[in-house]
Protein chains: 2
Amino acid sequence: MEKERGLLIVLSGPSGVGKGTVRKAIMNEDTDLQYSISMTTRQPREGEMDGVDYFFKSKEEFEKMIADNKLLEWAEFVGNYYGTPVDYVEQTLSEGKDVLLEIEVQGAMQVRKHFPNGVFIFLMPPSLSELRSRITNRGTETDDVINNRMKVAKEEIELMENYDYVVENDRVELACERIKAIVTAEHYRKDRLVDKYKKLLEVE
Amino acid sequence: MEKERGLLIVLSGPSGVGKGTVRKAIMNEDTDLQYSISMTTRQPREGEMDGVDYFFKSKEEFEKMIADNKLLEWAEFVGNYYGTPVDYVEQTLSEGKDVLLEIEVQGAMQVRKHFPNGVFIFLMPPSLSELRSRITNRGTETDDVINNRMKVAKEEIELMENYDYVVENDRVELACERIKAIVTAEHYRKDRLVDKYKKLLEVE
């Protein structure tokens with residue numbers, strides 16, 4: 001019997017929301033998720049290890065990966081490349097294991113094209129939920145501060161439209177619990193199961 | 001600020017799958033779910049209490065509830081009525097609490113019409129997943145047994161098409177964990193949140 005493919009879980013969200021911290025906290029727990037390590041051309045920081053934090057590559061190596069179509073998504077930030085090697089993701093999913101990607105919002109939208117059935121989770125800064133009360137208490141804020149917050153919040157909401165789930169990162173351990181529940185629940189979605197059961201009956 | 005409505009969680013599945021056992025196990029745990037007690041005209045069984053297991057009503061009282069449109073769903077089985085009073089469900093949801101219904105498949109489809117955004121969970125007998133291996137080991141089974149299993153399995157798969165989730169009841173505690181994860185995850189679905197965040201920004 002063909003092995004059921006794993007789920008691709010994409011954790012993304014605005015810069016500075018704490019994606020890396022939440023991802024590390026999830027991976028430190030007892031979980032069946034496999035983390036897909038990103039590839040980068042930037043220099044390792046103090047304490048970072050090749051094959052743990054990132055795969056550190058030269059610019060030439062990275063550009064060959066792009067040319068060979070070996071990256072699921074990639075982007076350039078301040079002169080360095082960042083990307084997700086496709087082989088690890090494909091191999092791990094085909095072994096029936098769930099894969100976690102932690103990537104920037106631009107990359108997430110590239111991944112959606114190749115994995116429309118992936119589970120896309122938007123990690124949201126907690127300030128958004130406090131926004132209304134802050135805005136309505138406007139006596140304490142300048143118009144500029146309010147207008148800027150409104151603008152940022154609206155941009156974030158537009159990004160969130162492309163995701164399946166929106167999880168507030170108010171506390172890392174709460175965000176982790178929510179994400180783990182989402183991964184569990186997604187395994188039981190009818191759309192993912194009905195084909196399996198139909199196949200199960202295709203005997204003869 | 002308007003209170004967010006709770007989620008309606010509908011647990012259903014074929015007769016004899018163990019819906020009642022799973023529902024009791026969930027409600028015995030520390031959960032925020034509110035159980036919507038069904039109403040029936042059948043006699044209480046040994047140990048059953050009015051307002052705990054069911055609301056026990058006379059046939060006349062029940063028929064008045066039907067006439068007054070006070071039931072979210074109802075059905076007749078072997079000469080007795082069973083139904084879900086709508087007021088408790090509406091009231092509890094509007095207080096922002098999640099409501100659990102445990103009902104037969106016919107009733108679940110009636111509820112879907114009134115609550116298209118409810119979370120519909122199909123509890124599946126574990127035998128379905130063993131079906132293929134049993135069928136393919138057909139040396140040990142008569143054709144009649146195989147044909148009957150195929151027929152039952154196909155009917156169950158057709159029912160499952162109408163649900164959001166399919167949870168196997170292989171072990172009660174596992175089924176409970178899956179259902180609790182589904183309830184948690186559903187609170188973070190983008191479709192449920194994006195309107196909330198949009199509203200949040202509608203100031204002035």
# chains A, B, ... in the order shown; residues from 1 in each chain; ligands from 1

$ interface_residues --of "chain A" --to "chain B" --cutoff "10 Å" --atoms "only C-alpha atoms" --output "ChimeraX atom specification"
/A:1,120-122,128-133,135-136,150-151,153-154,156-158,160-168,177-204

$ residues_around --residues "Gly16 of chain A" --least-positions-apart "3" --cutoff "12 Å" --atoms "only C-alpha atoms" --output "PyMOL selection string"
chain A and resi 12-13+19-22+104-105+123-126+169

$ residues_around --residues "Thr40 of chain B" --least-positions-apart "3" --cutoff "12 Å" --atoms "only C-alpha atoms" --output "ChimeraX atom specification"
/B:37,43-45,50-51,53-63,65,71,73-77,79-85

$ select_by_dssp --residues "segment 27-173 of chain A" --states "strand (DSSP E)" --output "PyMOL selection string"
chain A and resi 34-35+39-40+55-56+71-77+80-85+99-102+119-124+165-168

$ write_last_selection --atoms "N, CA and C atoms" --output "compact mmCIF listing (two decimals), in the first residue's frame"
# COMPACT_ATOMS: atom_id res chain seq x y z
N GLN A 34 9.26 17.33 11.09
CA GLN A 34 10.64 17.41 10.62
C GLN A 34 10.89 18.84 10.16
N TYR A 35 11.93 19.46 10.67
CA TYR A 35 12.21 20.84 10.29
C TYR A 35 13.08 20.88 9.03
N MET A 39 18.73 27.32 3.53
CA MET A 39 20.07 27.47 2.99
C MET A 39 20.34 28.98 2.87
N THR A 40 21.56 29.39 3.18
CA THR A 40 21.87 30.83 3.05
C THR A 40 23.31 31.05 2.65
N PHE A 55 22.03 25.66 6.28
CA PHE A 55 23.10 25.16 5.43
C PHE A 55 23.81 26.39 4.88
N PHE A 56 25.06 26.57 5.26
CA PHE A 56 25.80 27.75 4.80
C PHE A 56 26.50 27.41 3.48
N LEU A 71 15.43 24.73 -5.56
CA LEU A 71 14.93 25.47 -4.40
C LEU A 71 13.41 25.63 -4.50
N LEU A 72 12.75 25.33 -3.44
CA LEU A 72 11.30 25.45 -3.39
C LEU A 72 10.91 26.93 -3.38
N GLU A 73 11.72 27.72 -2.72
CA GLU A 73 11.53 29.18 -2.69
C GLU A 73 12.87 29.77 -2.32
N TRP A 74 13.09 30.99 -2.78
CA TRP A 74 14.30 31.68 -2.37
C TRP A 74 14.08 33.18 -2.48
N ALA A 75 14.92 33.94 -1.77
CA ALA A 75 14.82 35.40 -1.82
C ALA A 75 16.19 35.97 -1.46
N GLU A 76 16.37 37.24 -1.78
CA GLU A 76 17.60 37.93 -1.44
C GLU A 76 17.28 39.04 -0.45
N PHE A 77 17.99 39.06 0.66
CA PHE A 77 17.84 40.14 1.65
C PHE A 77 19.21 40.74 1.90
N ASN A 80 22.27 38.93 0.71
CA ASN A 80 22.44 37.49 0.93
C ASN A 80 21.24 36.71 0.43
N TYR A 81 21.50 35.50 -0.04
CA TYR A 81 20.42 34.61 -0.46
C TYR A 81 19.94 33.76 0.71
N TYR A 82 18.63 33.48 0.70
CA TYR A 82 18.01 32.53 1.64
C TYR A 82 17.06 31.66 0.82
N GLY A 83 17.03 30.37 1.10
CA GLY A 83 16.11 29.52 0.33
C GLY A 83 15.87 28.18 0.98
N THR A 84 14.92 27.43 0.40
CA THR A 84 14.53 26.12 0.92
C THR A 84 14.85 25.04 -0.12
N PRO A 85 15.78 24.14 0.18
CA PRO A 85 16.09 23.06 -0.77
C PRO A 85 14.87 22.15 -0.95
N VAL A 99 6.50 18.05 7.43
CA VAL A 99 7.66 18.95 7.33
C VAL A 99 7.26 20.35 7.75
N LEU A 100 8.07 20.97 8.59
CA LEU A 100 7.84 22.36 9.00
C LEU A 100 8.83 23.27 8.28
N LEU A 101 8.30 24.29 7.59
CA LEU A 101 9.13 25.37 7.03
C LEU A 101 8.88 26.61 7.86
N GLU A 102 9.94 27.37 8.13
CA GLU A 102 9.76 28.66 8.80
C GLU A 102 10.39 29.68 7.87
N VAL A 119 -0.29 23.53 4.72
CA VAL A 119 -1.00 24.20 5.82
C VAL A 119 -0.23 25.48 6.12
N PHE A 120 -0.82 26.61 5.80
CA PHE A 120 -0.12 27.89 5.90
C PHE A 120 -0.59 28.63 7.15
N ILE A 121 0.36 28.87 8.05
CA ILE A 121 0.05 29.49 9.35
C ILE A 121 0.71 30.86 9.42
N PHE A 122 -0.10 31.87 9.64
CA PHE A 122 0.38 33.25 9.75
C PHE A 122 0.55 33.57 11.23
N LEU A 123 1.79 33.81 11.65
CA LEU A 123 2.04 34.17 13.04
C LEU A 123 1.86 35.68 13.16
N MET A 124 0.99 36.07 14.07
CA MET A 124 0.58 37.47 14.15
C MET A 124 1.14 38.14 15.39
N TYR A 165 -4.47 29.65 8.57
CA TYR A 165 -4.64 29.89 10.00
C TYR A 165 -3.91 31.17 10.40
N VAL A 166 -4.41 31.81 11.42
CA VAL A 166 -3.78 32.99 11.98
C VAL A 166 -3.60 32.74 13.48
N VAL A 167 -2.34 32.71 13.92
CA VAL A 167 -2.04 32.40 15.32
C VAL A 167 -1.33 33.60 15.93
N GLU A 168 -1.87 34.06 17.04
CA GLU A 168 -1.27 35.20 17.72
C GLU A 168 -0.07 34.72 18.54

$ select_by_dssp --residues "segment 20-174 of chain A" --states "alpha helix (DSSP H)" --output "ChimeraX atom specification"
/A:20-28,59-67,86-94,105-114,127-136,143-160,172-174

$ atom_distance --atom1 "atom CA of Leu33 of chain A" --atom2 "atom CA of Lys97 of chain A"
7.0 Å
